Amino acid sequence: MSPAVDSDPHFMIELPDKNDALCFNVNDKPGTIYNLVKDTTLGILVNGQTIGDKMIPPDGTINTYLGRFGIVHNILGVKLEVTTTTISVYQDDSWMKFLWSDTASVKGKNVDLVLHEDRSLKVTLKDSVKFVILLHKVWEKHPYHRDYLGFYTLDTHLLSPSVHGLLGQFYHGIEYEVTDLREGETPEKPDATMFVKGLELNVTRGWQRDFRRDWKNGEKIPCWFVHNNGTGLVDGDATDYIVSGLFKTV
């Protein structure tokens, strides 16, 4: 399992055992903070805050991206705040701060960090999961867009069965069936019917970019796109995952 969130923000759940992937968007106003991962058994929390474009483009489309992450491991006493400019790490009762323009490798008692200049940050929690955060740089004079972040999870099998969140709920897989493939709005993106969680959903075949192996252009991953903020695929409603702060659970 390799669930991720990258771009608009596009959520993607890769399912290697099915040789397939599912994806959905979550749209809300800039500044909204979502709980992405919550494992109360292991004391792990990951929240992400959206940012918007510098200004609304002429077509009126309001794009949001993830621009800030908060990562906590309560048992290990580790806390990270990652923005598009800085990385702040709390461990061993002290804070360390890095810029994305740095290159660094830090081995701590409870967390290891590998930072590649203006590219990626790999966070390895002791005896636990790994997170990879990618920095997507945009031309600084671009009239609309700004830098944003992508988030990928490795070794999800090390999290407990109770893990949840917009991404976390998929870490141990999901059962679904796709039937009735039919013509969609565009020939290259057919529609189909998905049976999942006792529901029948209309889904569209599309693709999402995975930037881990090709951090500039991304690798196209075919996926079934679930409409309306992932309704029917996500437990409850996407708004149920909105929290009040970067390190808050509610």
# chains A, B, ... in the order shown; residues from 1 in each chain; ligands from 1
call {"tool": "residues_around", "arguments": {"residues": "Val138 in chain A", "least_positions_apart": "2", "cutoff": "6 Å", "atoms": "only C-alpha atoms", "output": "PyMOL selection string"}}
result
chain A and resi 140+146-147
call {"tool": "residues_around", "arguments": {"residues": "Gly43 in chain A", "least_positions_apart": "5", "cutoff": "7 Å", "atoms": "only C-alpha atoms", "output": "ChimeraX atom specification"}}
result
/A:73-75
call {"tool": "write_last_selection", "arguments": {"atoms": "N, CA and C atoms", "output": "short mmCIF file (atom, residue, chain, number, x, y, z; two decimals), in the first residue's frame"}}
result
data_model
loop_
_atom_site.label_atom_id
_atom_site.label_comp_id
_atom_site.auth_asym_id
_atom_site.auth_seq_id
_atom_site.Cartn_x
_atom_site.Cartn_y
_atom_site.Cartn_z
N HIS A 73 4.52 12.09 16.77
CA HIS A 73 4.55 10.76 17.36
C HIS A 73 4.60 10.97 18.87
N ASN A 74 3.44 10.84 19.51
CA ASN A 74 3.33 11.18 20.93
C ASN A 74 4.19 10.29 21.81
N ILE A 75 4.28 9.00 21.47
CA ILE A 75 5.03 8.08 22.31
C ILE A 75 6.53 8.35 22.23
#
call {"tool": "closest_atom_pairs", "arguments": {"of": "range 17-104 of chain A", "to": "range 122-134 of chain A", "cutoff": "10 Å", "atoms": "only C-alpha atoms", "output": "JSON lines"}}
result
{"residue": "A:Leu42", "atom": "CA", "partner": "A:Ser128", "partner_atom": "CA", "distance": 9.2}
{"residue": "A:Ile44", "atom": "CA", "partner": "A:Val129", "partner_atom": "CA", "distance": 9.5}
{"residue": "A:Val46", "atom": "CA", "partner": "A:Phe131", "partner_atom": "CA", "distance": 9.9}
{"residue": "A:Phe69", "atom": "CA", "partner": "A:Ile133", "partner_atom": "CA", "distance": 9.0}
{"residue": "A:Ile71", "atom": "CA", "partner": "A:Phe131", "partner_atom": "CA", "distance": 9.5}
{"residue": "A:Val72", "atom": "CA", "partner": "A:Leu125", "partner_atom": "CA", "distance": 9.9}
{"residue": "A:His73", "atom": "CA", "partner": "A:Leu125", "partner_atom": "CA", "distance": 8.0}
{"residue": "A:Leu76", "atom": "CA", "partner": "A:Lys126", "partner_atom": "CA", "distance": 8.1}
{"residue": "A:Val78", "atom": "CA", "partner": "A:Leu125", "partner_atom": "CA", "distance": 8.5}
{"residue": "A:Leu80", "atom": "CA", "partner": "A:Val123", "partner_atom": "CA", "distance": 9.3}
{"residue": "A:Val82", "atom": "CA", "partner": "A:Ile133", "partner_atom": "CA", "distance": 8.5}
{"residue": "A:Thr84", "atom": "CA", "partner": "A:Leu134", "partner_atom": "CA", "distance": 9.4}
call {"tool": "atom_distance", "arguments": {"atom1": "CA of Leu199 in chain A", "atom2": "CA of Val243 in chain A"}}
result
26.9 Å
call {"tool": "atom_distance", "arguments": {"atom1": "CA of Asp235 in chain A", "atom2": "CA of His164 in chain A"}}
result
9.3 Å
